[in-house]
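Q: File entry11.tsv below, TSV, C-alpha atoms and all ligand atoms:
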chain	number	residue	atom	x	y	z
A	6	MET	CA	20.62	86.57	-17.02
A	7	ARG	CA	22.67	83.45	-17.77
A	8	ILE	CA	22.11	81.07	-20.65
A	9	ALA	CA	23.98	77.80	-21.17
A	10	VAL	CA	23.89	76.20	-24.61
A	11	LEU	CA	24.90	72.68	-25.67
A	12	VAL	CA	26.41	72.87	-29.16
A	13	GLY	CA	28.18	70.93	-31.89
A	14	GLY	CA	30.19	72.54	-34.68
A	15	ILE	CA	28.89	74.50	-37.65
A	16	GLY	CA	25.15	74.50	-36.79
A	17	GLY	CA	26.01	75.24	-33.16
A	18	ALA	CA	28.21	78.15	-34.21
A	19	ARG	CA	25.41	79.64	-36.33
A	20	PHE	CA	22.96	79.26	-33.44
A	21	LEU	CA	25.35	81.03	-31.04
A	22	MET	CA	25.61	83.97	-33.48
A	23	GLY	CA	21.95	84.59	-32.61
A	24	VAL	CA	22.07	83.68	-28.92
A	25	ARG	CA	24.95	86.07	-28.24
A	26	ARG	CA	22.75	88.99	-29.40
A	27	LEU	CA	20.55	88.45	-26.33
A	28	PRO	CA	21.26	90.54	-23.21
A	29	ALA	CA	22.71	87.55	-21.38
A	30	GLU	CA	25.94	85.93	-20.25
A	31	VAL	CA	26.24	82.94	-22.55
A	32	THR	CA	28.25	79.78	-21.89
A	33	ALA	CA	28.57	77.30	-24.75
A	34	ILE	CA	29.33	73.68	-23.85
A	35	VAL	CA	30.91	72.27	-26.98
A	36	ASN	CA	31.14	68.69	-28.27
A	37	THR	CA	34.73	67.42	-28.37
A	38	ALA	CA	34.02	63.86	-29.53
A	39	ASP	CA	34.86	64.85	-33.16
A	40	ASP	CA	38.41	65.68	-32.03
A	41	LEU	CA	41.33	63.80	-33.52
A	42	THR	CA	45.11	63.70	-33.49
A	43	LEU	CA	46.82	64.11	-36.88
A	44	HIS	CA	50.56	64.54	-37.48
A	45	GLY	CA	50.91	64.67	-33.68
A	46	LEU	CA	48.56	67.68	-33.46
A	47	ARG	CA	45.28	67.77	-31.55
A	48	VAL	CA	42.50	69.06	-33.80
A	49	CYS	CA	39.18	70.13	-32.24
A	50	PRO	CA	36.80	70.75	-35.17
A	51	ASP	CA	33.71	71.80	-33.22
A	52	LEU	CA	35.52	74.11	-30.79
A	53	ASP	CA	37.36	75.66	-33.75
A	54	SER	CA	34.22	76.07	-35.90
A	55	VAL	CA	32.53	77.90	-33.02
A	56	MET	CA	35.62	79.97	-32.16
A	57	TYR	CA	36.38	81.00	-35.76
A	58	THR	CA	32.71	81.71	-36.60
A	59	LEU	CA	32.07	83.86	-33.52
A	60	GLY	CA	35.50	85.47	-33.96
A	61	ASP	CA	34.68	86.36	-37.58
A	62	GLY	CA	37.49	84.20	-38.95
A	63	ALA	CA	35.63	81.18	-40.36
A	64	ASP	CA	35.35	80.27	-44.01
A	65	PRO	CA	31.74	81.21	-44.78
A	66	GLU	CA	31.27	78.63	-47.56
A	67	ARG	CA	32.70	75.55	-45.86
A	68	GLY	CA	31.68	76.54	-42.32
A	69	TRP	CA	34.83	74.86	-40.98
A	70	GLY	CA	38.41	76.14	-41.04
A	71	ARG	CA	39.67	79.65	-41.70
A	72	ALA	CA	38.63	82.26	-44.25
A	73	GLY	CA	41.30	83.05	-46.86
A	74	GLU	CA	42.99	79.73	-46.18
A	75	SER	CA	45.85	78.12	-48.12
A	76	PHE	CA	46.75	74.42	-48.02
A	77	THR	CA	50.50	74.37	-48.74
A	78	VAL	CA	51.53	72.25	-45.75
A	79	GLY	CA	48.57	69.87	-46.22
A	80	SER	CA	49.45	69.34	-49.91
A	81	GLU	CA	53.08	68.63	-49.00
A	82	LEU	CA	51.96	66.13	-46.35
A	83	ALA	CA	49.68	64.46	-48.92
A	84	GLU	CA	52.67	64.11	-51.30
A	85	TYR	CA	54.28	61.96	-48.60
A	86	ASN	CA	50.97	60.08	-48.29
A	87	ALA	CA	51.22	61.04	-44.62
A	88	GLU	CA	48.30	60.05	-42.41
A	89	ALA	CA	44.75	60.95	-43.40
A	90	PRO	CA	45.37	62.79	-46.71
A	91	TRP	CA	41.53	62.96	-46.99
A	92	PHE	CA	41.39	65.46	-44.08
A	93	SER	CA	42.40	68.96	-45.23
A	94	LEU	CA	44.34	71.00	-42.71
A	95	GLY	CA	44.80	74.62	-43.76
A	96	ASP	CA	48.01	76.55	-43.10
A	97	LYS	CA	46.33	79.15	-40.86
A	98	ASP	CA	44.34	76.45	-39.09
A	99	LEU	CA	47.55	74.49	-38.43
A	100	ALA	CA	48.82	77.40	-36.32
A	101	THR	CA	45.84	76.87	-33.97
A	102	HIS	CA	46.60	73.15	-33.65
A	103	LEU	CA	50.31	73.86	-33.02
A	104	VAL	CA	49.53	76.31	-30.20
A	105	ARG	CA	46.86	73.99	-28.74
A	106	THR	CA	49.09	70.91	-28.82
A	107	ARG	CA	52.06	72.74	-27.30
A	108	MET	CA	49.89	73.93	-24.41
A	109	LEU	CA	48.30	70.48	-23.92
A	110	ASP	CA	51.79	68.90	-23.94
A	111	ALA	CA	52.88	71.47	-21.33
A	112	GLY	CA	50.13	70.16	-19.06
A	113	TYR	CA	47.27	72.64	-19.53
A	114	GLY	CA	43.76	71.21	-19.79
A	115	LEU	CA	41.67	71.72	-22.94
A	116	THR	CA	39.48	74.24	-21.08
A	117	ALA	CA	42.48	76.44	-20.25
A	118	VAL	CA	43.88	76.04	-23.78
A	119	THR	CA	40.52	77.02	-25.30
A	120	ALA	CA	40.34	80.10	-23.08
A	121	ALA	CA	43.87	81.07	-24.22
A	122	LEU	CA	42.94	80.65	-27.91
A	123	CYS	CA	39.78	82.70	-27.32
A	124	GLU	CA	41.87	85.62	-26.08
A	125	ARG	CA	42.68	86.13	-29.74
A	126	TRP	CA	39.24	85.37	-31.21
A	127	LYS	CA	37.03	87.06	-28.58
A	128	PRO	CA	33.93	85.00	-29.39
A	129	GLY	CA	31.73	87.02	-27.01
A	130	VAL	CA	30.54	83.88	-25.21
A	131	GLU	CA	32.40	81.57	-22.86
A	132	LEU	CA	33.48	78.43	-24.73
A	133	LEU	CA	33.85	75.30	-22.62
A	134	PRO	CA	34.76	71.90	-24.02
A	135	MET	CA	32.36	69.25	-22.69
A	136	SER	CA	35.35	67.52	-21.06
A	137	ASP	CA	39.11	67.92	-20.73
A	138	ASP	CA	39.34	64.14	-21.04
A	139	ARG	CA	39.71	62.44	-24.37
A	140	VAL	CA	36.38	61.26	-25.78
A	141	GLU	CA	36.17	60.24	-29.45
A	142	THR	CA	33.27	59.05	-31.56
A	143	HIS	CA	34.19	55.85	-33.33
A	144	VAL	CA	31.95	54.21	-35.89
A	145	VAL	CA	31.59	50.46	-36.30
A	146	VAL	CA	31.57	49.74	-40.05
A	147	SER	CA	31.92	46.79	-42.42
A	148	ASP	CA	33.41	46.65	-45.91
A	149	GLU	CA	35.81	44.46	-47.90
A	150	ASP	CA	38.40	45.01	-45.11
A	151	GLY	CA	35.97	43.43	-42.63
A	152	ARG	CA	34.20	44.77	-39.56
A	153	ARG	CA	36.08	47.45	-37.64
A	154	ALA	CA	35.78	50.74	-35.77
A	155	ILE	CA	36.98	53.90	-37.52
A	156	HIS	CA	37.19	57.48	-36.25
A	157	PHE	CA	34.10	59.59	-36.86
A	158	GLN	CA	36.09	61.96	-39.15
A	159	GLU	CA	37.14	59.04	-41.33
A	160	TRP	CA	33.52	57.87	-41.47
A	161	TRP	CA	32.26	61.31	-42.45
A	162	VAL	CA	35.02	63.06	-44.39
A	163	ARG	CA	36.53	60.02	-46.15
A	164	HIS	CA	33.44	57.85	-46.64
A	165	ARG	CA	30.72	60.57	-46.42
A	166	GLY	CA	28.84	58.06	-44.24
A	167	LYS	CA	28.34	55.86	-47.33
A	168	ILE	CA	29.62	52.64	-45.84
A	169	GLU	CA	27.73	49.85	-44.08
A	170	THR	CA	27.41	51.20	-40.54
A	171	ASP	CA	26.40	49.39	-37.40
A	172	ARG	CA	26.69	51.97	-34.62
A	173	PHE	CA	28.45	54.93	-33.01
A	174	VAL	CA	30.60	54.46	-29.90
A	175	PHE	CA	31.70	57.37	-27.70
A	176	THR	CA	35.09	55.97	-26.72
A	177	GLY	CA	36.24	57.28	-23.34
A	178	ALA	CA	32.90	58.92	-22.48
A	179	ALA	CA	32.09	56.65	-19.53
A	180	GLN	CA	35.39	57.55	-17.83
A	181	ALA	CA	35.31	61.27	-18.73
A	182	LYS	CA	34.59	64.08	-16.30
A	183	PRO	CA	32.76	67.26	-17.28
A	184	ALA	CA	35.26	70.06	-17.95
A	185	PRO	CA	35.81	72.62	-15.18
A	186	GLY	CA	32.86	75.03	-15.12
A	187	VAL	CA	30.43	72.85	-17.11
A	188	ILE	CA	28.32	71.61	-14.20
A	189	GLU	CA	28.29	75.09	-12.61
A	190	ALA	CA	27.24	76.73	-15.90
A	191	LEU	CA	24.32	74.31	-16.27
A	192	ARG	CA	23.34	74.49	-12.61
A	193	ASP	CA	23.49	78.28	-12.38
A	194	ALA	CA	21.85	79.09	-15.74
A	195	ASP	CA	18.46	80.79	-15.97
A	196	ALA	CA	17.80	78.70	-19.06
A	197	VAL	CA	19.56	75.90	-20.91
A	198	LEU	CA	19.24	75.62	-24.70
A	199	ILE	CA	20.14	72.65	-26.87
A	200	ALA	CA	21.28	73.99	-30.25
A	201	PRO	CA	19.96	72.56	-33.54
A	202	SER	CA	23.15	70.49	-33.82
A	203	ASN	CA	23.43	66.85	-34.83
A	204	PRO	CA	21.57	64.96	-32.07
A	205	VAL	CA	23.48	61.69	-32.64
A	206	VAL	CA	27.13	62.73	-32.92
A	207	SER	CA	27.17	66.26	-31.41
A	208	ILE	CA	24.62	66.45	-28.58
A	209	ALA	CA	24.55	62.76	-27.56
A	210	PRO	CA	28.30	62.67	-26.75
A	211	ILE	CA	27.89	65.74	-24.51
A	212	LEU	CA	24.99	64.01	-22.72
A	213	GLY	CA	27.19	60.90	-22.51
A	214	VAL	CA	29.72	62.55	-20.18
A	215	PRO	CA	28.71	61.32	-16.71
A	216	GLY	CA	27.19	64.15	-14.68
A	217	ILE	CA	25.94	66.30	-17.58
A	218	ARG	CA	22.64	64.49	-18.18
A	219	GLU	CA	22.10	64.31	-14.41
A	220	VAL	CA	22.57	68.07	-13.87
A	221	LEU	CA	20.26	68.81	-16.82
A	222	ARG	CA	17.61	66.60	-15.24
A	223	SER	CA	17.95	68.23	-11.83
A	224	THR	CA	18.65	71.92	-12.56
A	225	SER	CA	15.92	74.40	-11.67
A	226	ALA	CA	16.48	76.13	-15.03
A	227	PRO	CA	14.18	75.15	-17.88
A	228	VAL	CA	15.78	73.16	-20.73
A	229	VAL	CA	14.64	73.84	-24.29
A	230	GLY	CA	15.83	72.06	-27.43
A	231	VAL	CA	15.72	73.45	-30.97
A	232	SER	CA	15.07	70.96	-33.76
A	233	PRO	CA	17.90	70.33	-36.24
A	234	ILE	CA	15.35	68.73	-38.58
A	235	ILE	CA	13.00	70.82	-40.72
A	236	ALA	CA	10.34	69.10	-42.83
A	237	GLY	CA	12.12	65.75	-42.72
A	238	ALA	CA	15.64	66.97	-43.60
A	239	PRO	CA	18.57	68.28	-41.57
A	240	VAL	CA	19.16	72.05	-41.53
A	241	ARG	CA	22.74	71.19	-42.54
A	242	GLY	CA	25.18	68.31	-42.16
A	243	MET	CA	24.48	64.63	-41.85
A	244	ALA	CA	21.93	64.20	-39.08
A	245	ASP	CA	19.75	62.26	-41.54
A	246	ARG	CA	22.43	59.62	-42.14
A	247	CYS	CA	23.17	59.38	-38.39
A	248	LEU	CA	19.47	58.97	-37.50
A	249	GLU	CA	19.17	56.31	-40.20
A	250	VAL	CA	22.03	54.34	-38.56
A	251	LEU	CA	20.06	54.44	-35.29
A	252	GLY	CA	16.91	53.30	-37.10
A	253	GLU	CA	15.16	56.58	-36.18
A	254	PRO	CA	12.93	58.54	-38.56
A	255	VAL	CA	14.32	61.88	-39.81
A	256	THR	CA	11.66	64.03	-38.16
A	257	ALA	CA	11.54	66.85	-35.63
A	258	GLN	CA	9.20	64.62	-33.63
A	259	ALA	CA	11.68	61.70	-33.45
A	260	VAL	CA	14.59	63.90	-32.34
A	261	GLY	CA	12.53	65.63	-29.64
A	262	ALA	CA	11.36	62.23	-28.41
A	263	MET	CA	14.98	60.95	-28.37
A	264	PHE	CA	15.97	63.77	-26.00
A	265	GLY	CA	12.73	63.12	-24.09
A	266	PRO	CA	10.86	64.93	-21.31
A	267	ARG	CA	12.72	65.60	-18.05
A	268	HIS	CA	10.08	63.98	-15.88
A	269	ASP	CA	10.26	60.71	-17.76
A	270	GLY	CA	13.01	58.07	-17.85
A	271	GLU	CA	16.33	59.64	-18.84
A	272	GLY	CA	14.89	62.68	-20.68
A	273	VAL	CA	16.40	66.17	-20.55
A	274	LEU	CA	13.83	68.57	-22.05
A	275	ASP	CA	11.00	70.77	-20.83
A	276	ALA	CA	10.19	72.13	-24.27
A	277	TRP	CA	10.99	71.52	-27.95
A	278	LEU	CA	11.00	74.19	-30.65
A	279	VAL	CA	10.22	73.02	-34.18
A	280	ASP	CA	10.01	74.85	-37.51
A	281	GLU	CA	6.66	76.29	-38.59
A	282	THR	CA	6.35	73.58	-41.25
A	283	ASP	CA	6.44	70.99	-38.43
A	284	ARG	CA	3.94	72.87	-36.24
A	285	ASN	CA	1.66	69.84	-35.86
A	286	THR	CA	4.38	67.95	-33.94
A	287	THR	CA	3.34	66.64	-30.54
A	288	ILE	CA	5.48	64.77	-28.00
A	289	ASP	CA	4.03	63.33	-24.79
A	290	GLY	CA	5.23	65.30	-21.78
A	291	LEU	CA	6.81	68.18	-23.73
A	292	THR	CA	5.68	71.70	-24.54
A	293	VAL	CA	6.16	71.96	-28.31
A	294	GLY	CA	6.24	75.34	-30.04
A	295	SER	CA	7.04	76.48	-33.55
A	296	ALA	CA	8.95	79.34	-35.18
A	297	PRO	CA	10.95	79.80	-38.40
A	298	LEU	CA	14.13	77.79	-37.80
A	299	TRP	CA	16.25	78.64	-40.86
A	300	MET	CA	19.34	80.37	-39.44
A	301	SER	CA	19.49	82.79	-42.36
A	302	SER	CA	21.02	85.68	-40.36
A	303	PRO	CA	22.10	86.40	-36.78
A	304	GLU	CA	18.87	88.44	-36.42
A	305	ALA	CA	16.68	85.53	-37.57
A	306	THR	CA	18.61	83.22	-35.25
A	307	GLU	CA	18.19	85.62	-32.31
A	308	ALA	CA	14.43	85.45	-32.94
A	309	MET	CA	14.68	81.63	-32.81
A	310	ALA	CA	16.48	81.77	-29.46
A	311	ARG	CA	13.86	84.20	-28.12
A	312	ALA	CA	11.08	81.88	-29.30
A	313	ALA	CA	12.78	78.99	-27.49
A	314	LEU	CA	12.95	80.98	-24.26
A	315	GLU	CA	9.33	82.14	-24.59
A	316	LEU	CA	8.23	78.50	-24.62
A	317	VAL	CA	9.35	78.28	-21.00
A	318	GLU	CA	8.37	81.87	-20.16
A	319	VAL	CA	11.93	83.15	-19.80
A	320	THR	CA	12.43	86.70	-21.10
A	321	ALA	CA	15.91	87.84	-22.10
A	401	LIG	N1	35.29	68.53	-43.27
A	401	LIG	C1	35.37	67.99	-44.51
A	401	LIG	O1	34.34	67.66	-45.09
A	401	LIG	N2	36.59	67.80	-45.12
A	401	LIG	C2	37.75	68.16	-44.54
A	401	LIG	O2	38.83	67.96	-45.12
A	401	LIG	C3	37.68	68.77	-43.24
A	401	LIG	C4	38.82	69.22	-42.59
A	401	LIG	C5	38.69	69.90	-41.36
A	401	LIG	C6	39.82	70.44	-40.75
A	401	LIG	C7	39.70	71.11	-39.54
A	401	LIG	C8	38.43	71.26	-38.96
A	401	LIG	O3	38.32	71.93	-37.81
A	401	LIG	C9	37.30	70.73	-39.57
A	401	LIG	C10	37.41	70.05	-40.78
A	401	LIG	N3	36.28	69.53	-41.41
A	401	LIG	C11	36.41	68.94	-42.64
A	401	LIG	C12	34.95	69.63	-40.78
A	401	LIG	C13	34.64	68.45	-39.83
A	401	LIG	O4	34.97	67.23	-40.38
A	401	LIG	C14	33.16	68.24	-39.51
A	401	LIG	O5	32.31	69.01	-40.27
A	401	LIG	C15	32.84	68.40	-38.08
A	401	LIG	O6	33.63	67.62	-37.25
A	401	LIG	C16	31.36	68.09	-37.80
A	401	LIG	O7	30.95	68.99	-36.87
Have the structure of the file written as structure tokens, please.
A:
Amino acid sequence: MRIAVLVGGIGGARFLMGVRRLPAEVTAIVNTADDLTLHGLRVCPDLDSVMYTLGDGADPERGWGRAGESFTVGSELAEYNAEAPWFSLGDKDLATHLVRTRMLDAGYGLTAVTAALCERWKPGVELLPMSDDRVETHVVVSDEDGRRAIHFQEWWVRHRGKIETDRFVFTGAAQAKPAPGVIEALRDADAVLIAPSNPVVSIAPILGVPGIREVLRSTSAPVVGVSPIIAGAPVRGMADRCLEVLGEPVTAQAVGAMFGPRHDGEGVLDAWLVDETDRNTTIDGLTVGSAPLWMSSPEATEAMARAALELVEVTA
């Protein structure tokens, strides 16, 4: 049995810890719109969070970066006031960015580079970037410096989203192609899951790559989303702030309705799994089910994934 999963970073990584326990071949299609270039190095936070977490090398407290990390190089760079001193790059993590950038500069695509990095980390699932092309989330903000677009990481890590914000723009998305293997993985899956990742800045950029939404709408496999919102608050991260920017309520209902039913408009879902506390949620055109959605352990998360599949009568 084959399962394809659309994921962002830390929440997506936790979800995959459960999904990979199922007796299935799992392909994760990972958001790359958080990626940035710093000190000439290409940094892919969501791919790395997933790779380190599944490879048992992630920092368990932060969720991003490496366990047992030191920040000697980053502190030295900050002493020079080199670019983006607000973004902490760990020494071990820097080795990943050095290897990645050298391979990209040698002409390999991000998919091939990710596969090479995964030879070390053995995540137990296939990790595919959503695209080999450069797509970056920029955020249109206003402050005393005027109205301008900043990189998503600057918006989140430097400003913690606490700056007047107009909108998110997925720069490069319209011209991007799905990475090699993405369309095939979605087309050939027995089921597609959308992880409880940030719907606005993790899942939406993936759906913004031309061809991905279309294959989700046309595949014979059922598509089930798992709510990143429980009882009006995000499971983790800043989905609440991102939904607020869009003028959307922070509810499981609103996020399910944003993804929408497959047989209506531009929607991508057959079913939507919400937490037990949100069990009264209804969305026109969607099968809505409930289960405990706190990803407290890989076992609990496996049960979530099974509950998602049961909604569309797929048994792993
Ligand atoms: N998040 C922070 O809050 N502060 C940081 O300094 C930071 C550095 C960082 C370095 C590498 C990396 O892969 C991720 C990093 N993150 C950091 C996490 C990242 O900003 C976001 O959590 C994700 O992009 C959202 O999925």
Q: Show me, as a tab-separated table, the residues of chain A having an atom within 9 Å of ligand LIG 401 (chain A), each with the closest atom pair and its distance in Å, using all atoms listed in the file.
A:
residue	atom	partner	partner_atom	distance
A:Gly13	CA	A:LIG401	O7	6.0
A:Gly14	CA	A:LIG401	O7	4.2
A:Ile15	CA	A:LIG401	O7	5.9
A:Gly16	CA	A:LIG401	O7	8.0
A:Gly17	CA	A:LIG401	O7	8.8
A:Asn36	CA	A:LIG401	O7	8.6
A:Thr37	CA	A:LIG401	O6	9.0
A:Ala38	CA	A:LIG401	O6	8.6
A:Asp39	CA	A:LIG401	O6	5.1
A:Asp40	CA	A:LIG401	O6	7.3
A:Val48	CA	A:LIG401	O3	6.5
A:Cys49	CA	A:LIG401	O3	5.9
A:Pro50	CA	A:LIG401	O3	3.3
A:Asp51	CA	A:LIG401	O7	5.4
A:Leu52	CA	A:LIG401	O3	7.9
A:Asp53	CA	A:LIG401	O3	5.6
A:Ser54	CA	A:LIG401	O3	6.1
A:Arg67	CA	A:LIG401	N1	7.9
A:Gly68	CA	A:LIG401	C12	7.8
A:Trp69	CA	A:LIG401	C9	5.0
A:Gly70	CA	A:LIG401	C8	5.3
A:Arg71	CA	A:LIG401	O3	8.7
A:Pro90	CA	A:LIG401	O2	8.5
A:Trp91	CA	A:LIG401	O2	6.0
A:Phe92	CA	A:LIG401	O2	3.7
A:Ser93	CA	A:LIG401	O2	3.7
A:Leu94	CA	A:LIG401	C6	5.0
A:Gly95	CA	A:LIG401	C6	7.2
A:Asp98	CA	A:LIG401	C7	7.1
A:Leu99	CA	A:LIG401	C7	8.6
A:Phe157	CA	A:LIG401	O6	8.1
A:Gln158	CA	A:LIG401	O4	5.5
A:Glu159	CA	A:LIG401	O4	8.5
A:Trp161	CA	A:LIG401	O4	6.8
A:Val162	CA	A:LIG401	O1	4.7
A:Arg163	CA	A:LIG401	N2	7.8
A:Arg165	CA	A:LIG401	O1	8.1
A:Ser202	CA	A:LIG401	O7	8.5
A:Asn203	CA	A:LIG401	O7	8.1
A:Val206	CA	A:LIG401	O7	8.3
A:Ser207	CA	A:LIG401	O7	7.2
A:Gly242	CA	A:LIG401	O5	7.4
A:Met243	CA	A:LIG401	C16	8.7
Q: With C-alpha atoms retained, could you export that selection as an mmCIF file, keeping the file's coordinate frame?
A:
data_model
loop_
_atom_site.group_PDB
_atom_site.id
_atom_site.type_symbol
_atom_site.label_atom_id
_atom_site.label_comp_id
_atom_site.auth_asym_id
_atom_site.auth_seq_id
_atom_site.Cartn_x
_atom_site.Cartn_y
_atom_site.Cartn_z
ATOM 1 C CA GLY A 13 28.180 70.930 -31.890
ATOM 2 C CA GLY A 14 30.190 72.540 -34.680
ATOM 3 C CA ILE A 15 28.890 74.500 -37.650
ATOM 4 C CA GLY A 16 25.150 74.500 -36.790
ATOM 5 C CA GLY A 17 26.010 75.240 -33.160
ATOM 6 C CA ASN A 36 31.140 68.690 -28.270
ATOM 7 C CA THR A 37 34.730 67.420 -28.370
ATOM 8 C CA ALA A 38 34.020 63.860 -29.530
ATOM 9 C CA ASP A 39 34.860 64.850 -33.160
ATOM 10 C CA ASP A 40 38.410 65.680 -32.030
ATOM 11 C CA VAL A 48 42.500 69.060 -33.800
ATOM 12 C CA CYS A 49 39.180 70.130 -32.240
ATOM 13 C CA PRO A 50 36.800 70.750 -35.170
ATOM 14 C CA ASP A 51 33.710 71.800 -33.220
ATOM 15 C CA LEU A 52 35.520 74.110 -30.790
ATOM 16 C CA ASP A 53 37.360 75.660 -33.750
ATOM 17 C CA SER A 54 34.220 76.070 -35.900
ATOM 18 C CA ARG A 67 32.700 75.550 -45.860
ATOM 19 C CA GLY A 68 31.680 76.540 -42.320
ATOM 20 C CA TRP A 69 34.830 74.860 -40.980
ATOM 21 C CA GLY A 70 38.410 76.140 -41.040
ATOM 22 C CA ARG A 71 39.670 79.650 -41.700
ATOM 23 C CA PRO A 90 45.370 62.790 -46.710
ATOM 24 C CA TRP A 91 41.530 62.960 -46.990
ATOM 25 C CA PHE A 92 41.390 65.460 -44.080
ATOM 26 C CA SER A 93 42.400 68.960 -45.230
ATOM 27 C CA LEU A 94 44.340 71.000 -42.710
ATOM 28 C CA GLY A 95 44.800 74.620 -43.760
ATOM 29 C CA ASP A 98 44.340 76.450 -39.090
ATOM 30 C CA LEU A 99 47.550 74.490 -38.430
ATOM 31 C CA PHE A 157 34.100 59.590 -36.860
ATOM 32 C CA GLN A 158 36.090 61.960 -39.150
ATOM 33 C CA GLU A 159 37.140 59.040 -41.330
ATOM 34 C CA TRP A 161 32.260 61.310 -42.450
ATOM 35 C CA VAL A 162 35.020 63.060 -44.390
ATOM 36 C CA ARG A 163 36.530 60.020 -46.150
ATOM 37 C CA ARG A 165 30.720 60.570 -46.420
ATOM 38 C CA SER A 202 23.150 70.490 -33.820
ATOM 39 C CA ASN A 203 23.430 66.850 -34.830
ATOM 40 C CA VAL A 206 27.130 62.730 -32.920
ATOM 41 C CA SER A 207 27.170 66.260 -31.410
ATOM 42 C CA GLY A 242 25.180 68.310 -42.160
ATOM 43 C CA MET A 243 24.480 64.630 -41.850
#
Q: Pick from A:Gly45, A:Asp289, A:Trp160, A:Ile155: nearest to Asp110 (chain A), with only C-alpha atoms counted?
A: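 Answer, going by the shortest atom-to-atom distance: A:Gly45.
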Q: List the spatial neighbours of Ala276 (chain A) as JSON, numbers by chain - criterion: any atom at most 6 Å away, all atoms listed in the file, same-chain residues fewer than 2 positions off excluded.
A: {"A": [229, 274, 291, 292, 293]}
Q: Can you pull out every residue within 9 Å of Thr77 (chain A), counting only C-alpha atoms, but drop anything in the same chain fewer than 4 positions away, and send it as an MDAnalysis selection string?
A: chainID A and resid 81:82 95:96
Q: Save the residues we just selected, C-alpha atoms, as a short mmCIF file (atom, residue, chain, number, x, y, z; two decimals), in the frame of the given file?
A:
data_model
loop_
_atom_site.label_atom_id
_atom_site.label_comp_id
_atom_site.auth_asym_id
_atom_site.auth_seq_id
_atom_site.Cartn_x
_atom_site.Cartn_y
_atom_site.Cartn_z
CA GLU A 81 53.08 68.63 -49.00
CA LEU A 82 51.96 66.13 -46.35
CA GLY A 95 44.80 74.62 -43.76
CA ASP A 96 48.01 76.55 -43.10
#
Q: Looking at only C-alpha atoms, which of A:Glu141, A:Glu84, A:Glu189, A:Glu271 is the one that sits closest to Leu212 (chain A)?
A: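 Residue with the minimum atom-to-atom distance to Leu212 (chain A): A:Glu271.
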Q: Report the distance between CA of Ile199 (chain A) and CA of Leu11 (chain A) in Å, rounded to one decimal place.
A: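 Atom-to-atom, CA of Ile199 (chain A) to CA of Leu11 (chain A), that is 4.9 Å.
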Q: Emit as lines of an AutoDock Vina configuration file the padded axis-aligned box for all listed atoms of region 42-58 of chain A, 3 Å per side, with centre and edge lengths in Å to one decimal.
A:
center_x = 41.7
center_y = 72.7
center_z = -34.1
size_x = 24.4
size_y = 24.0
size_z = 12.7
Q: Rank A:Asp171, A:Ser136, A:Ala200, A:Met108 by their smallest atom-to-atom distance to Arg153 (chain A), using all atoms listed in the file, and report the top residue only.
A: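 When distances to Arg153 (chain A) are compared using all atoms listed in the file, the smallest one comes from A:Asp171.
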Q: Applying 12 Å and all atoms listed in the file, which residues near Gly272 (chain A) remain after dropping the ones on its own chain fewer than 3 positions away? List them as a ChimeraX atom specification.
A: /A:209,212,218-223,228-230,260-269,275-276,289-291
Q: Find the residues near region 114-120 of chain A: any atom within 10 Å, counting only C-alpha atoms, skip ones fewer than 5 places away on the same chain, and give them as a compact mmCIF listing (two decimals) with C-alpha atoms, keeping the file's coordinate frame.
A:
# COMPACT_ATOMS: atom_id res chain seq x y z
CA THR A 37 34.73 67.42 -28.37
CA CYS A 49 39.18 70.13 -32.24
CA LEU A 52 35.52 74.11 -30.79
CA ASP A 53 37.36 75.66 -33.75
CA MET A 56 35.62 79.97 -32.16
CA VAL A 104 49.53 76.31 -30.20
CA ARG A 105 46.86 73.99 -28.74
CA THR A 106 49.09 70.91 -28.82
CA ARG A 107 52.06 72.74 -27.30
CA MET A 108 49.89 73.93 -24.41
CA LEU A 109 48.30 70.48 -23.92
CA ARG A 125 42.68 86.13 -29.74
CA TRP A 126 39.24 85.37 -31.21
CA LYS A 127 37.03 87.06 -28.58
CA GLU A 131 32.40 81.57 -22.86
CA LEU A 132 33.48 78.43 -24.73
CA LEU A 133 33.85 75.30 -22.62
CA PRO A 134 34.76 71.90 -24.02
CA MET A 135 32.36 69.25 -22.69
CA SER A 136 35.35 67.52 -21.06
CA ASP A 137 39.11 67.92 -20.73
CA ASP A 138 39.34 64.14 -21.04
CA ARG A 139 39.71 62.44 -24.37
CA ALA A 184 35.26 70.06 -17.95
CA PRO A 185 35.81 72.62 -15.18
CA GLY A 186 32.86 75.03 -15.12
CA VAL A 187 30.43 72.85 -17.11
Q: Quick one, how far is CA of Ile168 (chain A) from CA of Val205 (chain A)?
A: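 Here the two named atoms are 17.1 Å from each other.
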Q: Residues proximal to (17.9, 86.7, -35.7) were defined as those with any atom within 12 Å of that point in the file's coordinates, counting only C-alpha atoms. Which are they, as a short mmCIF file (atom, residue, chain, number, x, y, z; two decimals) with C-alpha atoms, in the coordinates of the input?
A:
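Result file part_37.cif:
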data_model
loop_
_atom_site.label_atom_id
_atom_site.label_comp_id
_atom_site.auth_asym_id
_atom_site.auth_seq_id
_atom_site.Cartn_x
_atom_site.Cartn_y
_atom_site.Cartn_z
CA ARG A 19 25.41 79.64 -36.33
CA PHE A 20 22.96 79.26 -33.44
CA LEU A 21 25.35 81.03 -31.04
CA MET A 22 25.61 83.97 -33.48
CA GLY A 23 21.95 84.59 -32.61
CA VAL A 24 22.07 83.68 -28.92
CA ARG A 25 24.95 86.07 -28.24
CA ARG A 26 22.75 88.99 -29.40
CA LEU A 27 20.55 88.45 -26.33
CA ALA A 296 8.95 79.34 -35.18
CA PRO A 297 10.95 79.80 -38.40
CA LEU A 298 14.13 77.79 -37.80
CA TRP A 299 16.25 78.64 -40.86
CA MET A 300 19.34 80.37 -39.44
CA SER A 301 19.49 82.79 -42.36
CA SER A 302 21.02 85.68 -40.36
CA PRO A 303 22.10 86.40 -36.78
CA GLU A 304 18.87 88.44 -36.42
CA ALA A 305 16.68 85.53 -37.57
CA THR A 306 18.61 83.22 -35.25
CA GLU A 307 18.19 85.62 -32.31
CA ALA A 308 14.43 85.45 -32.94
CA MET A 309 14.68 81.63 -32.81
CA ALA A 310 16.48 81.77 -29.46
CA ARG A 311 13.86 84.20 -28.12
CA ALA A 312 11.08 81.88 -29.30
#
